[in-house]
Each structure stands twice: as structure tokens, then as C-alpha cells.
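Visitor: Let me begin by handing over the structure; questions about it come next.
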Amino acid sequence: IIDLAKKMGKLPLVVKDCPGFLVNRVLSRYLIESILMVAEGVPIQKIDLAAKKFGMAIDSGKAMGPLELIDYIGIETCVQVMEALKKLGPRIEGHPFVSDMIKANDRPSKFWLNGKENKIVYETIKKSSGWVKKEVSESELIDRLILPMVDEARRCLAENIVDSREKVDVAMLYGAGFPAFTGGIMRWADQQGINKINDRLEELAEKCGQRFKPFSA
């Protein structure tokens, strides 16, 4: 199978079995956090802009924020993935408004519509839990989006889902659009300092919820 994948021009990566395997498992923390931030009042545009400024893209190299990516993948697929990943524990949190975006016998709502924020999303949230615009700094948005991915990647390494940090980097560069100029998610984490990342995750856990509680080796 590996030889066949190489002949097809693919970059095969052998991982152990777990919910989401490697790329989807790590990327899910990023996508889910973007949804939770919308629910708490952060504008769609601000979230996606922060991610694109950090350098997040898709495999074609096109800059793309997490909510744009959810639209690209399809909200229904994302909901199915979230349900499967709940086996990983309380750090995988959903929000009821996402289910409301998927209505029977109708097209699912999207976060973006004709290049603009889809105001229906805000109306949907208002009906279930209220929605009031919230100001959050760009640096905090980036921390909330990126640091949970670092945390999940470290968990995958600890569980031997993949056997090297370099493979995690390659997987996230080619499979999730992590910024190429960083050299990969683990290399980027090393540059930031894992203790600094853990301290920031602890701060976010106190402020935003225990889903940010960092992995302890």
C-alpha cells in the first residue's frame, strides 16, 4: 500500500489506530475551538483573519481560516468527526448551535456566504444561547487556535500514534496546511518553548475552560 501511494505521488504515513488518526485528531482541536469562539461572541471574520495571519492554509497553499475550512469540508462531516473524537475526553467540546446549522430537508448553513459573514449563524446562536459581540485580541485568538494543536500532537507522540516528531511535522504541513515557513508544528513548538506553551495553556484553562489543560508527560 505504501509503494502504491508513492507511485500515486502521495506521501504515506503509517500511524496507529485511534479516533481521528493523526491529522484529523490534531486539526480537530483547531476547528472545534473556532466554533466555540464564534459561540461566545467572536466574529467569524476576526477568527479566520487571525488564523490566516498566522499562516494557516490548505494543501493547495491557499490561506484559509478554520471556519472557511469547515465550510470547505462541510459542516455535516465536521459534526460526524466531532462525535467520533469525543472518545478522547472532555477536551473535545461541541456546541449545540452547530447541530442547528444542519436542518432536515435543507442545505446546511455556512459560516461564509458570498464572501461575507453569514449573519444567519449569529441568529442561530441567539436563539439557543444568545450572541453578543466579544472583543478578543488577535494574539489570544491565535493562542486559542494553535496551542491546542500542539498539545494534541504531543499526546499523539506520547501514545505512540506516530513514532517521530518529524513525521508529525510532515503530516501537519502537508495534511493540515500548517505554515510551511515554520518547519512544522513540533519545530514551531520547540522554537516557542514547551514550558512557555504549557504556561499559556494553563492560563487559558483558567480563563476559558479545562479543555485547554495541557498534557503532562
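Letters A, B, ... go to the chains of the C-alpha cells in the order shown; residues in each chain start at 1; ligands are counted from 1 in the same order.
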Which residues are close to Pro96 in chain A, i.e. within 9 Å by only C-alpha atoms, leaving aside same-chain residues fewer than 3 positions away? Reply as a PyMOL selection string.

Guide: chain A and resi 99-100+125+128

Visitor: Those same residues - N, CA, C and O atoms - I'd like them written as a JSON list (two decimals), in the first residue's frame.

Guide:
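New file again_19.json:
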[["chain", "number", "residue", "atom", "x", "y", "z"],
["A", 99, "SER", "N", -25.42, 21.88, 15.52],
["A", 99, "SER", "CA", -26.49, 20.97, 15.07],
["A", 99, "SER", "C", -27.64, 21.76, 14.46],
["A", 99, "SER", "O", -28.30, 21.30, 13.52],
["A", 100, "ASP", "N", -27.89, 22.96, 14.99],
["A", 100, "ASP", "CA", -28.97, 23.80, 14.46],
["A", 100, "ASP", "C", -28.65, 24.29, 13.05],
["A", 100, "ASP", "O", -29.56, 24.69, 12.31],
["A", 125, "ILE", "N", -27.30, 31.21, 16.85],
["A", 125, "ILE", "CA", -26.75, 31.15, 18.21],
["A", 125, "ILE", "C", -27.64, 31.93, 19.18],
["A", 125, "ILE", "O", -27.89, 31.50, 20.31],
["A", 128, "SER", "N", -30.52, 29.97, 20.70],
["A", 128, "SER", "CA", -30.24, 28.92, 21.68],
["A", 128, "SER", "C", -29.54, 29.42, 22.94],
["A", 128, "SER", "O", -29.83, 28.97, 24.04]]

Visitor: Using only C-alpha atoms, I'd like a table of the residues in range 94-184 of chain A that come within 6 Å of range 37-46 of chain A; for each, show the closest atom pair and its distance in Å rounded to one decimal, ordered by chain and ascending number, as CSV.

Guide:
residue,atom,partner,partner_atom,distance
A:Trp131,CA,A:Gly41,CA,5.7
A:Val132,CA,A:Gly41,CA,5.3
A:Lys133,CA,A:Gly41,CA,4.5
A:Lys134,CA,A:Gly41,CA,4.7

Visitor: Emit the selected residues as a PDB file, in the first residue's frame, including all heavy atoms.

Guide:
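Done, and the output landed in again-v5.pdb:
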ATOM      1  N   TRP A 131     -26.209  35.794  21.593  1.00  0.00           N
ATOM      2  CA  TRP A 131     -24.931  36.126  20.960  1.00  0.00           C
ATOM      3  C   TRP A 131     -24.683  37.616  21.078  1.00  0.00           C
ATOM      4  O   TRP A 131     -25.501  38.430  20.614  1.00  0.00           O
ATOM      5  CB  TRP A 131     -24.907  35.719  19.486  1.00  0.00           C
ATOM      6  CG  TRP A 131     -23.535  35.773  18.884  1.00  0.00           C
ATOM      7  CD1 TRP A 131     -22.624  34.761  18.863  1.00  0.00           C
ATOM      8  CD2 TRP A 131     -22.893  36.881  18.232  1.00  0.00           C
ATOM      9  NE1 TRP A 131     -21.455  35.155  18.244  1.00  0.00           N
ATOM     10  CE2 TRP A 131     -21.599  36.454  17.842  1.00  0.00           C
ATOM     11  CE3 TRP A 131     -23.287  38.194  17.945  1.00  0.00           C
ATOM     12  CZ2 TRP A 131     -20.691  37.286  17.183  1.00  0.00           C
ATOM     13  CZ3 TRP A 131     -22.385  39.028  17.285  1.00  0.00           C
ATOM     14  CH2 TRP A 131     -21.109  38.574  16.913  1.00  0.00           C
ATOM     15  N   VAL A 132     -23.600  37.968  21.743  1.00  0.00           N
ATOM     16  CA  VAL A 132     -23.196  39.362  21.886  1.00  0.00           C
ATOM     17  C   VAL A 132     -21.749  39.457  21.445  1.00  0.00           C
ATOM     18  O   VAL A 132     -20.910  38.671  21.887  1.00  0.00           O
ATOM     19  CB  VAL A 132     -23.335  39.852  23.346  1.00  0.00           C
ATOM     20  CG1 VAL A 132     -22.861  41.293  23.454  1.00  0.00           C
ATOM     21  CG2 VAL A 132     -24.781  39.722  23.822  1.00  0.00           C
ATOM     22  N   LYS A 133     -21.453  40.391  20.567  1.00  0.00           N
ATOM     23  CA  LYS A 133     -20.107  40.533  20.037  1.00  0.00           C
ATOM     24  C   LYS A 133     -19.091  40.716  21.149  1.00  0.00           C
ATOM     25  O   LYS A 133     -19.305  41.481  22.083  1.00  0.00           O
ATOM     26  CB  LYS A 133     -20.033  41.725  19.074  1.00  0.00           C
ATOM     27  CG  LYS A 133     -18.695  41.871  18.370  1.00  0.00           C
ATOM     28  CD  LYS A 133     -18.730  43.019  17.369  1.00  0.00           C
ATOM     29  CE  LYS A 133     -17.395  43.187  16.665  1.00  0.00           C
ATOM     30  NZ  LYS A 133     -17.415  44.301  15.688  1.00  0.00           N
ATOM     31  N   LYS A 134     -17.979  39.983  21.053  1.00  0.00           N
ATOM     32  CA  LYS A 134     -16.951  39.988  22.083  1.00  0.00           C
ATOM     33  C   LYS A 134     -15.613  40.389  21.475  1.00  0.00           C
ATOM     34  O   LYS A 134     -15.256  39.921  20.390  1.00  0.00           O
ATOM     35  CB  LYS A 134     -16.844  38.592  22.701  1.00  0.00           C
ATOM     36  CG  LYS A 134     -15.802  38.446  23.802  1.00  0.00           C
ATOM     37  CD  LYS A 134     -15.824  37.030  24.339  1.00  0.00           C
ATOM     38  CE  LYS A 134     -14.812  36.832  25.454  1.00  0.00           C
ATOM     39  NZ  LYS A 134     -14.816  35.453  25.970  1.00  0.00           N
TER      40      LYS A 134
END

Visitor: With a distance cut-off of 7 Å and only C-alpha atoms, select the neighbouring residues of Pro214 in chain A, excluding the residue or stretch itself and same-chain residues fewer than 4 positions from it, and output the selection as a list in words.

Guide: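 Close residues of Pro214 in chain A: Asp151, Asn198, Leu201 and Glu202 of chain A.
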
Visitor: Store the residues picked out above in a file with N, CA and C atoms, as a short mmCIF file (atom, residue, chain, number, x, y, z; two decimals), in the first residue's frame.

Guide:
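Writing done, so here's part-v9.cif:
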data_model
loop_
_atom_site.label_atom_id
_atom_site.label_comp_id
_atom_site.auth_asym_id
_atom_site.auth_seq_id
_atom_site.Cartn_x
_atom_site.Cartn_y
_atom_site.Cartn_z
N ASP A 151 -0.69 20.75 21.79
CA ASP A 151 -1.00 19.85 22.90
C ASP A 151 -1.43 18.47 22.39
N ASN A 198 2.99 25.49 27.71
CA ASN A 198 2.22 24.90 28.80
C ASN A 198 1.69 25.96 29.77
N LEU A 201 -1.23 27.60 28.12
CA LEU A 201 -2.40 26.71 28.14
C LEU A 201 -3.04 26.67 29.51
N GLU A 202 -2.23 26.71 30.56
CA GLU A 202 -2.77 26.76 31.92
C GLU A 202 -3.57 28.05 32.13
#

Visitor: Considering only strand (DSSP E or B) as DSSP defines it on the backbone, what residues of range 15-204 of chain A qualify? List them as JSON, numbers by chain.

Guide: {"A": [57, 63, 112, 113, 116, 117]}

Visitor: Please list as a PyMOL selection string every residue within 7 Å of Ile102 in chain A, counting only C-alpha atoms and excluding residues in the same chain fewer than 4 positions away.

Guide: chain A and resi 76+108-109

Visitor: Please provide the set of residues having any atom within 12 Å of Trp188 in chain A, restricted to only C-alpha atoms, with same-chain residues fewer than 3 positions apart removed, written as a list in words.

Guide: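 Counting only the stated atoms, we get Phe54, Ile146, Leu147, Met149, Val150, Arg165, Glu166, Val168, Asp169, Met172, Leu173, Phe178, Pro179, Ala180, Phe181, Thr182, Gly183, Gly184, Ile185, Gln191, Gln192, Gly193, Ile194 and Ile197 of chain A.
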
Visitor: Store the residues picked out above, limited to N, CA, C and O atoms, as a CSV table (one decimal), in the first residue's frame.

Guide:
chain,number,residue,atom,x,y,z
A,54,PHE,N,-1.5,34.0,10.9
A,54,PHE,CA,-0.5,33.1,11.4
A,54,PHE,C,0.1,32.3,10.3
A,54,PHE,O,1.3,31.8,10.4
A,146,ILE,N,-4.0,27.7,17.9
A,146,ILE,CA,-2.8,26.9,17.6
A,146,ILE,C,-2.3,26.0,18.7
A,146,ILE,O,-1.9,24.9,18.5
A,147,LEU,N,-2.3,26.6,20.0
A,147,LEU,CA,-1.7,25.8,21.1
A,147,LEU,C,-2.4,24.5,21.4
A,147,LEU,O,-1.7,23.5,21.7
A,149,MET,N,-3.5,22.5,19.2
A,149,MET,CA,-3.0,21.5,18.3
A,149,MET,C,-1.6,21.0,18.7
A,149,MET,O,-1.3,19.8,18.6
A,150,VAL,N,-0.8,21.9,19.3
A,150,VAL,CA,0.5,21.5,19.8
A,150,VAL,C,0.3,20.4,20.9
A,150,VAL,O,0.9,19.4,21.0
A,165,ARG,N,8.7,13.0,15.9
A,165,ARG,CA,8.2,14.4,15.8
A,165,ARG,C,8.3,14.9,14.3
A,165,ARG,O,7.4,15.7,13.9
A,166,GLU,N,9.3,14.4,13.6
A,166,GLU,CA,9.4,14.8,12.2
A,166,GLU,C,8.2,14.4,11.4
A,166,GLU,O,7.8,15.1,10.5
A,168,VAL,N,5.2,14.0,12.5
A,168,VAL,CA,4.1,14.9,12.9
A,168,VAL,C,4.2,16.2,12.1
A,168,VAL,O,3.2,16.7,11.6
A,169,ASP,N,5.4,16.7,12.0
A,169,ASP,CA,5.6,18.0,11.2
A,169,ASP,C,5.2,17.8,9.8
A,169,ASP,O,4.5,18.6,9.2
A,172,MET,N,1.3,17.5,9.4
A,172,MET,CA,0.6,18.7,9.6
A,172,MET,C,0.9,19.8,8.5
A,172,MET,O,0.1,20.6,8.2
A,173,LEU,N,2.1,19.7,8.0
A,173,LEU,CA,2.4,20.6,6.8
A,173,LEU,C,1.7,20.2,5.6
A,173,LEU,O,1.1,21.1,4.9
A,178,PHE,N,-0.4,23.5,8.0
A,178,PHE,CA,0.3,24.3,9.0
A,178,PHE,C,1.4,25.1,8.2
A,178,PHE,O,2.0,24.6,7.2
A,179,PRO,N,1.7,26.3,8.6
A,179,PRO,CA,2.6,27.2,7.8
A,179,PRO,C,3.9,26.5,7.5
A,179,PRO,O,4.6,26.1,8.4
A,180,ALA,N,4.2,26.5,6.2
A,180,ALA,CA,5.5,25.8,5.8
A,180,ALA,C,6.7,26.5,6.3
A,180,ALA,O,7.7,25.9,6.6
A,181,PHE,N,6.6,27.9,6.5
A,181,PHE,CA,7.8,28.6,6.9
A,181,PHE,C,8.2,28.3,8.4
A,181,PHE,O,9.3,28.6,8.8
A,182,THR,N,7.3,27.6,9.1
A,182,THR,CA,7.6,27.3,10.5
A,182,THR,C,8.5,26.0,10.6
A,182,THR,O,9.1,25.7,11.6
A,183,GLY,N,8.4,25.2,9.5
A,183,GLY,CA,9.1,23.9,9.5
A,183,GLY,C,8.2,22.8,10.1
A,183,GLY,O,8.6,21.6,10.1
A,184,GLY,N,7.1,23.1,10.6
A,184,GLY,CA,6.1,22.1,11.1
A,184,GLY,C,5.7,22.5,12.6
A,184,GLY,O,6.4,23.3,13.2
A,185,ILE,N,4.7,21.8,13.0
A,185,ILE,CA,4.1,22.2,14.3
A,185,ILE,C,5.0,21.9,15.5
A,185,ILE,O,5.1,22.7,16.4
A,191,GLN,N,10.6,26.1,19.1
A,191,GLN,CA,11.1,27.5,19.0
A,191,GLN,C,10.4,28.4,20.0
A,191,GLN,O,11.0,29.3,20.6
A,192,GLN,N,9.1,28.1,20.3
A,192,GLN,CA,8.4,28.9,21.3
A,192,GLN,C,8.8,28.5,22.7
A,192,GLN,O,8.8,29.4,23.6
A,193,GLY,N,9.1,27.2,22.9
A,193,GLY,CA,9.5,26.7,24.2
A,193,GLY,C,8.3,26.0,24.8
A,193,GLY,O,7.2,26.7,25.0
A,194,ILE,N,8.4,24.7,25.1
A,194,ILE,CA,7.2,24.0,25.5
A,194,ILE,C,6.8,24.4,26.9
A,194,ILE,O,5.6,24.4,27.2
A,197,ILE,N,4.6,27.4,26.3
A,197,ILE,CA,3.3,26.9,25.8
A,197,ILE,C,2.4,26.3,26.9
A,197,ILE,O,1.2,26.6,27.0

Visitor: To one decimal place, how far is CA of Arg25 in chain A from CA of Gly177 in chain A in Å?

Guide: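 These two atoms are separated by 14.2 Å.
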
Visitor: Applying 12 Å and only C-alpha atoms, which residues near Ser164 in chain A remain after dropping the ones on its own chain fewer than 5 positions away? List them as a list in words.

Guide: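 Counting only the stated atoms, we get Leu13, Val14, Val15, Ala153, Arg154, Cys156, Leu157, Ala158, Glu159, Asp169, Val170, Ala171, Met186 and Arg187 of chain A.
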
Visitor: Rounded to one decimal place, report the CA of Met82 in chain A-CA of Gly94 in chain A distance in Å.

Guide: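 Here the two named atoms are 7.2 Å from each other.
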
Visitor: Neighbours of Lys10 in chain A within 12 Å (only C-alpha atoms; same-chain residues fewer than 3 positions away dropped), as a ChimeraX atom specification?

Guide: /A:1-7,13,171,174-175

Visitor: Rank A:Ser60, A:Ser34, A:Gln210, A:Asn114 by their smallest atom-to-atom distance to Arg91 in chain A, using only C-alpha atoms, and report the top residue only.

Guide: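 Using only C-alpha atoms, Arg91 in chain A sits closest to A:Gln210.
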
Visitor: In Å to one decimal, how far is CA of Pro12 in chain A from CA of Leu145 in chain A?

Guide: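 CA of Pro12 in chain A lies 26.5 Å from CA of Leu145 in chain A.
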
Visitor: How would you write, as a PyMOL selection string, the set of residues in chain A that DSSP gives as alpha helix (DSSP H)?

Guide: chain A and resi 2-7+23-40+44-54+66-73+75-85+96-100+119-128+138-158+165-176+185-192+194-208

Visitor: For Gly115 in chain A, which of A:Met101, A:Glu68, A:Gly89, A:Lys127 is the closest residue, counting only C-alpha atoms?

Guide: A:Glu68

Visitor: Taking only C-alpha atoms into account, which of A:Gly55, A:Leu31, A:Ile161, A:Arg144 comes nearest Lys207 in chain A?

Guide: A:Arg144

Visitor: Hey, which of A:Ile92, A:Ala51, A:Val121, A:Ile142 ends up closest to Phe212 in chain A? Count only C-alpha atoms.

Guide: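 Nearest to Phe212 in chain A: A:Ile92.
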